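Novice: Hey, dropping start_34.csv in here, CSV, C-alpha atoms:
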```
chain,number,residue,atom,x,y,z
A,1,MET,CA,59.9,58.9,43.9
A,2,GLY,CA,56.3,58.7,45.2
A,3,SER,CA,55.7,55.2,46.6
A,4,MET,CA,57.9,53.4,44.1
A,5,SER,CA,60.4,51.2,46.0
A,6,ALA,CA,63.6,52.4,44.3
A,7,PRO,CA,66.9,51.4,46.0
A,8,SER,CA,68.8,54.1,47.8
A,9,PRO,CA,72.0,54.4,46.0
A,10,ALA,CA,73.6,57.0,48.1
A,11,ALA,CA,73.1,55.9,51.7
A,12,GLY,CA,74.7,58.3,54.1
A,13,SER,CA,75.0,61.0,51.5
A,14,MET,CA,75.4,64.7,52.4
A,15,ALA,CA,72.5,67.0,53.2
A,16,PRO,CA,71.0,68.7,50.1
A,17,ALA,CA,72.9,71.7,48.8
A,18,GLU,CA,71.0,74.9,49.3
A,19,ARG,CA,70.3,77.8,47.0
A,20,GLY,CA,67.5,79.7,48.8
A,21,PRO,CA,63.8,79.7,49.3
A,22,GLU,CA,63.1,79.0,45.6
A,23,SER,CA,65.1,75.7,45.6
A,24,PRO,CA,63.3,72.4,45.0
A,25,ARG,CA,62.6,70.4,48.2
A,26,HIS,CA,64.6,67.4,46.9
A,27,PRO,CA,68.2,67.4,45.8
A,28,HIS,CA,69.1,66.4,42.3
A,29,ARG,CA,69.5,62.6,42.2
A,30,LEU,CA,72.9,62.6,40.5
A,31,GLN,CA,74.4,64.4,43.5
A,32,GLY,CA,74.2,61.0,45.2
A,33,ALA,CA,76.6,59.5,42.6
A,34,LEU,CA,79.0,62.4,42.9
A,35,PHE,CA,79.2,62.7,46.7
A,36,GLN,CA,80.0,59.1,47.8
A,37,PRO,CA,82.8,58.6,50.3
A,38,ILE,CA,86.3,58.9,48.9
A,39,GLY,CA,87.8,56.7,51.6
A,40,ASP,CA,91.5,56.1,52.1
A,41,GLU,CA,92.3,58.2,49.0
A,42,GLY,CA,90.9,61.2,50.7
A,43,ARG,CA,93.3,63.8,49.4
A,44,ALA,CA,92.5,67.4,48.7
A,45,GLU,CA,93.0,66.9,45.0
A,46,LEU,CA,90.3,64.2,44.9
A,47,VAL,CA,87.9,66.3,46.9
A,48,GLU,CA,88.6,69.2,44.5
A,49,ARG,CA,88.0,67.0,41.5
A,50,ARG,CA,84.7,65.7,42.9
A,51,LEU,CA,83.4,69.2,43.5
A,52,VAL,CA,84.6,70.4,40.1
A,53,ASP,CA,82.7,67.5,38.5
A,54,ALA,CA,79.6,68.5,40.4
A,55,ILE,CA,79.9,72.1,39.2
A,56,THR,CA,80.9,71.5,35.6
A,57,ARG,CA,78.2,68.9,35.1
A,58,GLY,CA,75.6,71.2,36.4
A,59,HIS,CA,74.6,69.2,39.5
A,60,LEU,CA,75.6,72.2,41.6
A,61,ARG,CA,74.3,75.3,40.0
A,62,ALA,CA,75.6,78.8,39.9
A,63,GLY,CA,74.8,80.6,43.1
A,64,GLU,CA,74.0,77.3,45.0
A,65,ARG,CA,75.4,77.0,48.5
A,66,LEU,CA,77.6,74.1,49.2
A,67,PRO,CA,77.2,72.0,52.4
A,68,THR,CA,79.3,73.0,55.3
A,69,GLU,CA,82.9,71.9,55.5
A,70,SER,CA,82.0,69.5,58.3
A,71,ASP,CA,79.1,68.0,56.3
A,72,LEU,CA,81.3,67.7,53.2
A,73,ALA,CA,84.1,66.0,55.2
A,74,ARG,CA,81.6,63.6,56.8
A,75,SER,CA,80.0,62.7,53.4
A,76,LEU,CA,83.3,62.3,51.6
A,77,GLY,CA,85.0,60.5,54.4
A,78,VAL,CA,87.9,62.9,54.8
A,79,ALA,CA,89.2,65.3,57.4
A,80,PRO,CA,87.8,68.8,57.5
A,81,VAL,CA,91.2,70.3,56.8
A,82,THR,CA,91.3,68.3,53.5
A,83,VAL,CA,87.9,69.9,52.5
A,84,ARG,CA,89.2,73.3,53.5
A,85,GLU,CA,92.3,72.9,51.3
A,86,ALA,CA,90.1,71.7,48.4
A,87,LEU,CA,87.7,74.7,48.7
A,88,LEU,CA,90.7,77.1,48.8
A,89,ALA,CA,91.8,75.6,45.5
A,90,LEU,CA,88.4,76.0,44.0
A,91,ARG,CA,88.3,79.7,45.2
A,92,GLY,CA,91.6,80.1,43.4
A,93,ARG,CA,90.1,78.7,40.2
A,94,GLY,CA,87.2,81.1,40.5
A,95,LEU,CA,84.6,78.3,40.8
A,96,VAL,CA,83.6,78.9,44.4
A,97,THR,CA,83.1,82.1,46.4
A,98,THR,CA,82.8,82.5,50.2
A,99,ARG,CA,80.5,84.9,52.0
A,100,ARG,CA,80.6,85.8,55.6
A,101,GLY,CA,77.7,86.4,58.0
A,102,ARG,CA,74.5,84.7,59.0
A,103,ASN,CA,73.7,83.6,55.5
A,104,GLY,CA,77.3,83.0,54.5
A,105,GLY,CA,79.1,79.9,53.4
A,106,SER,CA,80.7,78.6,50.2
A,107,PHE,CA,78.7,79.1,47.0
A,108,VAL,CA,79.2,78.1,43.4
A,109,ALA,CA,80.4,81.2,41.5
A,110,GLU,CA,77.7,82.9,39.4
A,111,HIS,CA,79.7,82.7,36.2
A,112,ALA,CA,80.1,78.9,36.4
A,113,ASP,CA,78.4,77.8,33.2
A,114,PRO,CA,77.9,74.0,32.7
A,115,LEU,CA,77.3,74.6,29.0
A,116,SER,CA,80.7,76.1,28.5
A,117,PHE,CA,82.3,73.2,30.3
A,118,ALA,CA,80.3,70.8,28.2
A,119,ARG,CA,81.4,72.4,25.0
A,120,ASP,CA,85.0,72.2,26.2
A,121,ALA,CA,84.5,68.5,27.0
A,122,VAL,CA,83.1,67.8,23.5
A,123,ARG,CA,85.9,69.7,21.9
A,124,SER,CA,88.6,67.7,23.7
A,125,THR,CA,86.9,64.3,23.2
A,126,SER,CA,87.5,62.2,20.1
A,127,ARG,CA,84.6,60.9,18.1
A,128,LEU,CA,85.8,57.4,18.9
A,129,ALA,CA,85.6,58.1,22.6
A,130,LEU,CA,82.1,59.6,22.2
A,131,ARG,CA,80.9,56.5,20.3
A,132,ASP,CA,82.4,54.3,23.0
A,133,LEU,CA,80.6,56.3,25.7
A,134,GLY,CA,77.4,55.9,23.8
A,135,ALA,CA,77.9,52.1,23.4
A,136,HIS,CA,78.6,51.7,27.1
A,137,TYR,CA,75.6,53.8,28.1
A,138,ALA,CA,73.3,52.0,25.7
A,139,ALA,CA,74.5,48.6,26.8
A,140,ILE,CA,73.9,49.2,30.5
A,141,THR,CA,70.8,51.3,30.2
A,142,GLY,CA,69.3,49.0,27.6
A,143,ALA,CA,69.8,46.0,29.9
A,144,CYS,CA,68.3,47.9,32.8
A,145,VAL,CA,65.1,49.0,31.0
A,146,ARG,CA,64.6,45.4,29.7
A,147,LEU,CA,64.8,44.1,33.2
A,148,ALA,CA,62.4,46.8,34.4
A,149,ALA,CA,59.9,45.7,31.8
A,150,ARG,CA,60.1,42.2,33.2
A,151,ARG,CA,59.9,43.2,36.9
A,152,ALA,CA,58.0,46.4,37.3
A,153,ASP,CA,54.4,46.7,38.4
A,154,PRO,CA,52.4,48.8,35.9
A,155,SER,CA,51.4,51.2,38.7
A,156,GLU,CA,55.1,52.1,39.2
A,157,ALA,CA,55.5,53.0,35.6
A,158,GLN,CA,52.4,55.1,35.8
A,159,GLN,CA,54.0,57.1,38.7
A,160,VAL,CA,57.1,57.8,36.5
A,161,ARG,CA,54.9,58.9,33.7
A,162,ARG,CA,53.0,61.4,35.9
A,163,ARG,CA,56.3,63.0,36.9
A,164,LEU,CA,57.4,63.2,33.3
A,165,GLU,CA,54.1,64.9,32.4
A,166,ARG,CA,55.1,67.8,34.7
A,167,LEU,CA,58.0,68.7,32.4
A,168,ASP,CA,56.3,71.8,30.8
A,169,GLU,CA,55.7,73.2,34.2
A,170,LEU,CA,59.4,73.7,34.8
A,171,ASP,CA,62.1,76.0,33.6
A,172,GLY,CA,64.9,74.8,31.3
A,173,GLU,CA,67.4,73.8,34.0
A,174,LEU,CA,64.8,72.0,36.1
A,175,GLN,CA,63.6,70.2,32.9
A,176,ARG,CA,67.1,69.0,32.3
A,177,ARG,CA,67.3,67.7,35.9
A,178,LEU,CA,63.9,66.0,35.7
A,179,LEU,CA,64.9,64.2,32.5
A,180,ASP,CA,68.0,62.9,34.3
A,181,ASP,CA,66.0,61.8,37.3
A,182,ILE,CA,63.3,60.1,35.1
A,183,GLN,CA,66.0,58.0,33.4
A,184,ILE,CA,67.3,56.8,36.8
A,185,GLU,CA,63.7,56.2,38.1
A,186,ILE,CA,63.0,54.0,35.0
A,187,VAL,CA,66.2,52.0,35.8
A,188,ALA,CA,65.2,51.7,39.4
A,189,LEU,CA,62.1,49.8,38.3
A,190,SER,CA,64.6,47.0,37.5
A,191,GLN,CA,64.6,46.4,41.3
A,192,SER,CA,68.4,46.1,41.1
A,193,ALA,CA,70.4,48.3,43.5
A,194,ARG,CA,73.6,47.5,41.7
A,195,LEU,CA,72.3,48.4,38.3
A,196,THR,CA,70.7,51.6,39.6
A,197,ARG,CA,74.1,52.7,41.2
A,198,GLU,CA,75.8,52.0,37.9
A,199,GLN,CA,73.2,54.0,36.0
A,200,MET,CA,73.7,56.9,38.3
A,201,LYS,CA,77.4,56.9,37.6
A,202,LEU,CA,76.8,56.7,33.9
A,203,GLN,CA,74.1,59.4,34.0
A,204,ALA,CA,76.5,61.7,35.9
A,205,GLU,CA,79.1,61.2,33.2
A,206,LEU,CA,76.7,61.7,30.3
A,207,SER,CA,74.7,64.5,31.9
A,208,PRO,CA,76.8,67.4,30.6
A,209,TYR,CA,76.6,66.1,27.1
A,210,LEU,CA,72.8,65.6,27.4
A,211,ARG,CA,72.6,69.2,28.7
A,212,LEU,CA,74.5,70.4,25.5
A,213,VAL,CA,72.3,68.3,23.2
A,214,ALA,CA,69.0,69.2,24.9
A,215,HIS,CA,69.8,72.9,25.3
A,216,GLU,CA,66.7,74.0,23.4
A,217,ASN,CA,63.1,73.2,24.3
A,218,ASP,CA,62.4,71.1,21.2
A,219,ASP,CA,65.4,68.9,22.0
A,220,ARG,CA,64.3,68.4,25.5
A,221,ARG,CA,60.8,67.5,24.3
A,222,ARG,CA,62.4,64.9,21.9
A,223,GLN,CA,64.2,63.3,24.8
A,224,ALA,CA,61.0,63.4,26.9
A,225,GLU,CA,59.2,61.6,24.0
A,226,HIS,CA,61.9,58.9,24.0
A,227,LEU,CA,61.6,58.4,27.8
A,228,ALA,CA,57.8,58.4,27.6
A,229,ALA,CA,58.0,55.6,25.0
A,230,VAL,CA,60.3,53.6,27.3
A,231,VAL,CA,57.9,54.1,30.2
A,232,ASP,CA,55.0,52.8,28.0
A,233,ALA,CA,57.1,49.8,27.0
A,234,VAL,CA,57.9,49.0,30.7
A,235,GLU,CA,54.3,49.3,31.7
A,236,ALA,CA,53.3,47.0,28.8
A,237,ALA,CA,56.1,44.5,29.9
A,238,ASP,CA,57.6,44.9,26.4
A,239,ALA,CA,61.3,44.4,27.1
A,240,VAL,CA,62.3,44.5,23.4
A,241,ALA,CA,60.6,47.8,22.7
A,242,ALA,CA,62.0,49.3,25.9
A,243,GLY,CA,65.5,48.4,24.9
A,244,GLU,CA,65.2,49.4,21.3
A,245,ARG,CA,63.8,52.9,22.2
A,246,THR,CA,66.6,53.4,24.7
A,247,GLU,CA,69.2,52.5,22.0
A,248,LEU,CA,67.6,54.9,19.5
A,249,MET,CA,67.7,57.7,22.1
A,250,VAL,CA,71.4,57.1,22.8
A,251,ALA,CA,72.2,56.9,19.1
A,252,GLU,CA,70.5,60.2,18.4
A,253,THR,CA,72.4,61.8,21.3
A,254,ILE,CA,75.8,60.7,20.1
A,255,ASP,CA,75.1,61.7,16.5
A,256,ALA,CA,74.0,65.2,17.8
A,257,LEU,CA,77.2,65.5,19.9
A,258,ILE,CA,79.4,64.7,16.9
A,259,HIS,CA,77.5,67.3,14.9
A,260,ILE,CA,78.0,69.8,17.6
A,261,GLN,CA,81.7,68.9,17.7
A,262,SER,CA,82.1,69.5,14.0
A,263,ARG,CA,80.6,72.9,14.4
A,264,ILE,CA,82.8,73.8,17.3
A,265,ASP,CA,85.9,72.6,15.4
```
I need this file expressed as structure tokens, please.
Specialist:
Amino acid sequence: MGSMSAPSPAAGSMAPAERGPESPRHPHRLQGALFQPIGDEGRAELVERRLVDAITRGHLRAGERLPTESDLARSLGVAPVTVREALLALRGRGLVTTRRGRNGGSFVAEHADPLSFARDAVRSTSRLALRDLGAHYAAITGACVRLAARRADPSEAQQVRRRLERLDELDGELQRRLLDDIQIEIVALSQSARLTREQMKLQAELSPYLRLVAHENDDRRRQAEHLAAVVDAVEAADAVAAGERTELMVAETIDALIHIQSRID
């Protein structure tokens, strides 16, 4: 982001997925966590699962074009035939469509709705598991923002705030993506590549739940207020306030998820 020296958690990651001329210039940051090399376990089932995660969590949007088979194979560290088999399975599940011609390729199906996937995930997850997810997220993220408050230069926090101030200029989906990115950027101010990578994994896991909780404008603004308060605390080098506000944000999110779960049930 800007001139902030954030670590690069997804070195060698794939080229950005394409949607068309209206797409943002930069890919969503959580794609870096989802498209890391699979390595020796490079079976079609694992590639399929990775792509399903990207679609169901909203990091690949309906209508968005996937990278080419060769690009996917190179990024995931598997053979092109493995990617081809995984894409065939995704087409069979109705999550991916293929178009021929000059502007052809593999695209996320138009009916792939992350909110539906998120509701199914909440329905099938126990309250204990949701609480545990929140405790894990709060512990890691709280430690990260406290470290950021001790290490970050105030000018770096100001750059994050300027990005957050653009929230109202964006539509709902891009607002959701920006909020995810802002959380990662705050953690990157800790100047720890390891912690930032861990945060990206956690953010990718929690992202579909955050999407469900922050589906309405007022809910997204509430999360933005939390993040703005964390940025203020980091800029003021107030590690205690940064951690406490992060824990409050997570607690509200988990409580909201449990409330949503009770309504779904």
Novice: Quick one: residues within 9 Å of segment 165-174 of chain A, only C-alpha atoms, excluding same-chain residues fewer than 4 positions away - as number ranges by chain?
Specialist: A: 58, 160-161, 178-179, 211, 215-217, 220-221, 224, 228
Novice: Figure out the distance between atom CA of Ser207 of chain A and atom CA of Arg57 of chain A, please, to one decimal in Å.
Specialist: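 Pair atom CA of Arg57 of chain A / atom CA of Ser207 of chain A returns 6.5 Å.
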Novice: Provide the atom CA of Arg194 of chain A to atom CA of Cys144 of chain A distance in Å, to one decimal place.
Specialist: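 Between atom CA of Arg194 of chain A and atom CA of Cys144 of chain A the gap works out to 10.4 Å.
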Novice: Just checking: using all atoms listed in the file, which residue out of A:Pro208, A:Pro154, A:Gly134, A:Gly104 ends up closest to Leu248 of chain A?
Specialist: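 The closest residue to Leu248 of chain A is A:Gly134.
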Novice: Might you pull out every residue within 8 Å of segment 252-254 of chain A, with all atoms listed in the file counted and same-chain residues fewer than 4 positions away left off, and present them as number ranges by chain?
Specialist: A: 130-131, 134, 210, 213, 248, 258
Novice: Using atom CA of Val231 of chain A and atom CA of Asp132 of chain A as the two end points, give the distance in Å to one decimal.
Specialist: 25.5 Å
Novice: Check the smallest atom-to-atom distance from each of A:Ser106, A:Gln175, A:Thr141, A:Ser116 to Gln199 of chain A using only C-alpha atoms, then report the winner.
Specialist: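 Distance minimum relative to Gln199 of chain A lands on A:Thr141.
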Novice: Could you please give me, as a list in words, the residues of protein, DNA or RNA lying at most 8 Å from (85.4, 71.8, 55.5) in the coordinate frame of the file, considering only C-alpha atoms?
Specialist: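 Those within range, by chain then number, are Thr68, Glu69, Ser70, Asp71, Leu72, Ala73, Ala79, Pro80, Val81, Thr82, Val83, Arg84 and Leu87 of chain A.
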Novice: What would the list of residues within 10 Å of (57.5, 50.2, 31.3) (file frame) look like as a ChimeraX atom specification, if all atoms listed in the file are what count?
Specialist: /A:145-158,160-161,186-187,189-190,227-239,241-242
Novice: Using only C-alpha atoms, please write the residues we just selected to a file, as a PDB file, keeping the file's coordinate frame.
Specialist:
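So again_32.pdb came out as:
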```pdb
ATOM      1  CA  VAL A 145      65.100  49.000  31.000  1.00  0.00           C
ATOM      2  CA  ARG A 146      64.600  45.400  29.700  1.00  0.00           C
ATOM      3  CA  LEU A 147      64.800  44.100  33.200  1.00  0.00           C
ATOM      4  CA  ALA A 148      62.400  46.800  34.400  1.00  0.00           C
ATOM      5  CA  ALA A 149      59.900  45.700  31.800  1.00  0.00           C
ATOM      6  CA  ARG A 150      60.100  42.200  33.200  1.00  0.00           C
ATOM      7  CA  ARG A 151      59.900  43.200  36.900  1.00  0.00           C
ATOM      8  CA  ALA A 152      58.000  46.400  37.300  1.00  0.00           C
ATOM      9  CA  ASP A 153      54.400  46.700  38.400  1.00  0.00           C
ATOM     10  CA  PRO A 154      52.400  48.800  35.900  1.00  0.00           C
ATOM     11  CA  SER A 155      51.400  51.200  38.700  1.00  0.00           C
ATOM     12  CA  GLU A 156      55.100  52.100  39.200  1.00  0.00           C
ATOM     13  CA  ALA A 157      55.500  53.000  35.600  1.00  0.00           C
ATOM     14  CA  GLN A 158      52.400  55.100  35.800  1.00  0.00           C
ATOM     15  CA  VAL A 160      57.100  57.800  36.500  1.00  0.00           C
ATOM     16  CA  ARG A 161      54.900  58.900  33.700  1.00  0.00           C
ATOM     17  CA  ILE A 186      63.000  54.000  35.000  1.00  0.00           C
ATOM     18  CA  VAL A 187      66.200  52.000  35.800  1.00  0.00           C
ATOM     19  CA  LEU A 189      62.100  49.800  38.300  1.00  0.00           C
ATOM     20  CA  SER A 190      64.600  47.000  37.500  1.00  0.00           C
ATOM     21  CA  LEU A 227      61.600  58.400  27.800  1.00  0.00           C
ATOM     22  CA  ALA A 228      57.800  58.400  27.600  1.00  0.00           C
ATOM     23  CA  ALA A 229      58.000  55.600  25.000  1.00  0.00           C
ATOM     24  CA  VAL A 230      60.300  53.600  27.300  1.00  0.00           C
ATOM     25  CA  VAL A 231      57.900  54.100  30.200  1.00  0.00           C
ATOM     26  CA  ASP A 232      55.000  52.800  28.000  1.00  0.00           C
ATOM     27  CA  ALA A 233      57.100  49.800  27.000  1.00  0.00           C
ATOM     28  CA  VAL A 234      57.900  49.000  30.700  1.00  0.00           C
ATOM     29  CA  GLU A 235      54.300  49.300  31.700  1.00  0.00           C
ATOM     30  CA  ALA A 236      53.300  47.000  28.800  1.00  0.00           C
ATOM     31  CA  ALA A 237      56.100  44.500  29.900  1.00  0.00           C
ATOM     32  CA  ASP A 238      57.600  44.900  26.400  1.00  0.00           C
ATOM     33  CA  ALA A 239      61.300  44.400  27.100  1.00  0.00           C
ATOM     34  CA  ALA A 241      60.600  47.800  22.700  1.00  0.00           C
ATOM     35  CA  ALA A 242      62.000  49.300  25.900  1.00  0.00           C
TER      36      ALA A 242
END
```
Novice: For a quick check of understanding, using only C-alpha atoms, which of A:Met249, A:Ser126, A:Glu198, A:Ala188 has the smallest distance to Arg222 of chain A?
Specialist: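 When distances to Arg222 of chain A are compared using only C-alpha atoms, the smallest one comes from A:Met249.
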Novice: With distances taken over only C-alpha atoms, which residue among A:Glu247, A:Glu48, A:Glu225, A:Asp180 lies nearest Leu76 of chain A?
Specialist: A:Glu48
Novice: List as a PyMOL selection string the protein and nucleic acid residues near Gly63 of chain A, meaning an atom at most 6 Å away when only C-alpha atoms are counted, but skip any in the same chain fewer than 3 places from it.
Specialist: chain A and resi 107-110
Novice: Would you save the residues of that selection, restricted to C-alpha atoms, as a compact mmCIF listing (two decimals), keeping the file's coordinate frame?
Specialist:
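That gives us result.txt:
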```
# COMPACT_ATOMS: atom_id res chain seq x y z
CA PHE A 107 78.70 79.10 47.00
CA VAL A 108 79.20 78.10 43.40
CA ALA A 109 80.40 81.20 41.50
CA GLU A 110 77.70 82.90 39.40
```
